[in-house]
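First the structure, in the form of structure tokens, and then the observations on it.
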Number of protein chains: 2
Amino acid sequence: MIPGTPKPGRVNDVIGAVTRHIRHKDLMPGDRLPSEAALSKELSVSRPVVREALRSLAAMRIIELNTGRRATVAQIDHGPLSLLLEHGLNTEQINVQQIYDVRRTIEGRIVALAALRRTDEEAEAILGHARAMRGAEADPPRIMEHDLAFHAAIARASRNPVFALIVGAFEGITRQTWAIGWRSRVSEDARQTMLDTHLAMAEAIEAGDPVEAARLMALHFDESTRALLDAGLA
Amino acid sequence: MIPGTPKPGRVNDVIGAVTRHIRHKDLMPGDRLPSEAALSKELSVSRPVVREALRSLAAMRIIELNTGRRATVAQIDHGPLSLLLEHGLNTEQINVQQIYDVRRTIEGRIVALAALRRTDEEAEAILGHARAMRGAEADPPRIMEHDLAFHAAIARASRNPVFALIVGAFEGITRQTWAIGWRSRVSEDARQTMLDTHLAMAEAIEAGDPVEAARLMALHFDESTRALLDAGLA
DNA sequence: TGCAAGAACCTGTCAGACAGGATGCCGCGA
DNA sequence: TCGCGGCATCCTGTCTGACAGGTTCTTGCA
């Protein structure tokens with residue numbers, strides 16, 4: 001089977017025409033696309049068909065729709081991947097453990113890159129989140145927010161938008177499972193260990209030590225995976 | 001800004017309602033959704049609105065649309081991620097080198113998992129593709145197809161659909177850049193090395209040696225990245 | 001020359017309609 | 001009783017026309 005064979009239908013024709021238009025005219029994020037009426041006329045299809053095509057592209061974050069304004073080329077964003085993964089989880093096509101394996105793999109590389117490429121401001125921000133996690137000990141939701149921001153900041157510091165995209169896509173799922181992991185760390189000791197690991201990682205990034213940073217990230221995920229397994233998730 | 005705040009509009013309302021419907025009723029891939037007319041009536045919106053919402057979900061491969069039949073819950077698929085990455089590449093938001101770094105990271109882990117988890121049939125299939133690559137030496141497009149199938153088969157053998165999803169998403173881009181890498185390997189020696197590495201990797205998977213398999217995968221990507229850089233891509 | 005009001009443009013949503021594919025039921029025949 | 005074919009029904013794909021409300025551009029006035 002040739003994968004490049006698109007389904008028939010006028011809507012898919014329009015989707016193809018618009019993507020070709022973007023590529024052919026070398027449009028950049030923010031550039032405006034033709035109006036619905038113009039596309040409708042040019043491609044000899046009705047406006048509802050054009051609208052469905054534009055909605056499809058908007059769903060994938062290839063374009064952005066704005067009421068009253070014309071559609072514009074969009075910046076890549078983890079939104080669609082995020083929803084896709086949540087769907088996979090809801091329909092039991094994937095499980096949390098598999099996601100954690102992917103995160104462990106990717107974030108291990110990310111944190112090494114971040115240790116090498118981070119600016120001083122980024123190192124400071126990452127440290128700030130690690131410290132804030134420890135400072136919010138009695139407030140789990142706040143710890144989680146700083147935890148998520150910690151990982152997102154590291155992804156950005158890796159200077160690779162593809163990594164940042166993937167990490168961002170996992171954020172929604174993490175929001176749904178974070179509390180489970182936290183609660184399964186029953187002892188005060190286990191909770192301190194997790195906070196300490198984050199702080200040590202931030203310090204390794206600041207020190208520019210990719211090996212140590214990657215080691216701590218792997219440690220963190222091993223420990224997190226175990227915590228989720230203890231809680232009966234799999 | 002709270003990321004969970006969806007844009008207003010009836011279409012987005014319907015998208016939310018349908019996703020909730022899937023989750024709440026514990027629908028599995030293949031299960032049928034309510035008809036457009038039913039949704040239209042239940043949510044008090046017009047049918048075009050319902051259609052745009054369903055198209056959006058179909059674009060993300062959360063549901064599948066079939067003419068004449070009702071929409072069904074879909075299996076997760078790399079389609080949307082694939083298009084998103086191609087868009088990012090076209091609009092210069094990401095570059096090929098960054099993608100190769102991600103692939104190197106992920107596929108290094110995948111191949112180690114595959115070495116541990118592969119069935120005998122899978123090991124045989126992977127070996128088959130590696131051998132076919134060598135056998136098709138004079139026919140670059142055929143080498144490429146077996147190369148892609150080689151990586152896809154390894155991803156499947158890793159028994160983690162999330163890994164398979166990501167690897168699959170890179171396939172389209174690889175199709176666009178593979179020939180550049182091949183042509184940049186001007187010497188017969190360099191081409192042989194690439195084919196040999198694949199074969200050795202397949203053997204390591206068959207032997208159940210994750211460390212060696214991962215080492216060869218890293219080697220392969222280092223070499224590929226260098227080939228692309230030599231060709232002036234970045 | 002600068003600005004503000006209005007015209008022109010554009011998207012969001014609705015109603016109604018018809019063609020064609022898919023499904024399922026029901027009755028007929030073996 | 002069981003199998004099968006045909007027809008009624010359901011459902012999607014597409015079109016036309018219309019109107020409200022937000023945005024952008026232009027023109028004319030100060």
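Convention: chains lettered A, B, ... in structure tokens order; per-chain residue numbering from 1; ligands numbered from 1 as shown.
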
I'd like to know which residues of range 1-218 of chain B are strand (DSSP E or B) (by DSSP, run on the backbone); could you write them as number ranges by chain?
B: 32, 63-64, 72-73

Could you write out as an NGL selection string the residues of chain D within 7 Å of chain A, counting only C-alpha atoms (C1' of nucleotides)?
:D and (15 or 22-23)

Residues of range 7-158 of chain B in alpha helix (DSSP H) according to DSSP, as number ranges by chain?
B: 10-24, 36-43, 47-59, 79-90, 96-117, 120-135, 140-157

When you get a sec, could you note down which chain C residues fall within 12 Å of chain A, using only C-alpha atoms (C1' of nucleotides), as a PyMOL selection string?
chain C and resi 9-13

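Put simply, CA of Ile76 in chain A is 24.4 Å away from CA of Lys7 in chain A.
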
Once you count only C-alpha atoms, which residues of chain A turn out to be within 7 Å of chain B? Could you give them as a PyMOL selection string?
chain A and resi 23+27-29+52+55-56+59-60+62+76+80-81+84+87-88+90-91+94+98-99+102+105-106+109+160-163

Tell me which protein, DNA and RNA residues are within 12 Å of Ala149 in chain B, counting only C-alpha atoms (C1' of nucleotides), leaving out same-chain ones fewer than 6 positions away, and put them as a list of chain:residue names.
B:Glu122, B:Ala125, B:Ile126, B:Leu127, B:Gly128, B:His129, B:Ala130, B:Ala132, B:Met133, B:Arg142, B:Ile143, B:Ala155, B:Arg156, B:Ala164, B:Val167, B:Gly168, B:Glu171, B:Thr174, B:Arg175, B:His198

Please, what distance in Å, to one decimal, runs between CA of Val111 in chain B and CA of Phe221 in chain A?
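Between these atoms lies a distance of 19.7 Å.
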
So that I can see what lies close to Ser184 in chain A, please list as a short mmCIF file (atom, residue, chain, number, x, y, z; two decimals) with N, CA, C and O atoms, in the first residue's frame the residues with an atom at most 7 Å from it, counting only C-alpha atoms (C1' of nucleotides) and leaving out residues fewer than 2 positions away in the same chain.
```cif
data_model
loop_
_atom_site.label_atom_id
_atom_site.label_comp_id
_atom_site.auth_asym_id
_atom_site.auth_seq_id
_atom_site.Cartn_x
_atom_site.Cartn_y
_atom_site.Cartn_z
N ILE A 180 -1.14 10.81 41.19
CA ILE A 180 -1.07 9.39 41.54
C ILE A 180 0.34 9.04 41.99
O ILE A 180 0.54 8.39 43.02
N GLY A 181 1.32 9.50 41.21
CA GLY A 181 2.71 9.24 41.57
C GLY A 181 3.07 9.87 42.90
O GLY A 181 3.76 9.26 43.72
N TRP A 182 2.59 11.08 43.10
CA TRP A 182 2.92 11.78 44.35
C TRP A 182 2.34 11.07 45.56
O TRP A 182 3.01 10.87 46.58
N VAL A 186 4.62 7.45 49.71
CA VAL A 186 4.00 7.62 51.02
C VAL A 186 4.96 8.21 52.05
O VAL A 186 4.58 9.05 52.86
N ALA A 227 7.15 4.38 41.18
CA ALA A 227 6.08 4.94 42.00
C ALA A 227 4.72 4.69 41.36
O ALA A 227 3.76 4.33 42.04
N ASP A 230 3.84 1.02 41.70
CA ASP A 230 3.40 0.75 43.07
C ASP A 230 1.94 1.14 43.24
O ASP A 230 1.20 0.50 43.98
N ALA A 231 1.55 2.21 42.54
CA ALA A 231 0.18 2.68 42.66
C ALA A 231 -0.79 1.82 41.84
O ALA A 231 -1.99 2.08 41.80
#
```

Residues at most 9 Å from range 25-30 of chain C, counting only C-alpha atoms (C1' of nucleotides), excluding those fewer than 4 positions away in the same chain, as JSON, numbers by chain?
{"D": [2, 3, 4, 5, 8]}

Just want the 12 Å neighbourhood of DA7 in chain C, counted on only C-alpha atoms (C1' of nucleotides), with same-chain residues fewer than 3 positions away dropped. Output as a list in words.
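Those residues are DT24, DC25, DT26 and DT27 of chain D.
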
Next, dump the selected residues to file, keeping only N, CA and C atoms (P, O5', C5', C4', C3', O3' and C1' of nucleotides), as a tab-separated table (two decimals), in the first residue's frame.
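Done, and the output landed in part01.tsv:
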```tsv
chain	number	residue	atom	x	y	z
D	24	DT	P	-7.70	42.90	11.47
D	24	DT	O5'	-7.84	43.65	10.08
D	24	DT	C5'	-8.28	42.90	8.95
D	24	DT	C4'	-8.48	43.84	7.76
D	24	DT	C3'	-7.41	44.93	7.62
D	24	DT	O3'	-7.04	45.02	6.25
D	24	DT	C1'	-9.56	45.90	7.63
D	25	DC	P	-5.75	45.86	5.79
D	25	DC	O5'	-6.43	46.89	4.79
D	25	DC	C5'	-7.41	46.42	3.87
D	25	DC	C4'	-8.25	47.57	3.35
D	25	DC	C3'	-7.44	48.83	2.98
D	25	DC	O3'	-7.92	49.30	1.73
D	25	DC	C1'	-9.16	49.41	4.46
D	26	DT	P	-7.01	50.33	0.84
D	26	DT	O5'	-8.11	51.41	0.43
D	26	DT	C5'	-9.50	51.02	0.38
D	26	DT	C4'	-10.36	52.24	0.64
D	26	DT	C3'	-9.75	53.58	0.19
D	26	DT	O3'	-10.76	54.33	-0.45
D	26	DT	C1'	-10.37	53.73	2.44
D	27	DT	P	-10.39	55.38	-1.61
D	27	DT	O5'	-11.62	56.39	-1.46
D	27	DT	C5'	-12.79	55.96	-0.75
D	27	DT	C4'	-13.15	57.02	0.27
D	27	DT	C3'	-12.75	58.44	-0.13
D	27	DT	O3'	-13.85	59.30	0.07
D	27	DT	C1'	-12.00	58.01	2.03
```

What gap, in Å, lies between CA of Glu145 in chain B and CA of Leu228 in chain B?
18.6 Å
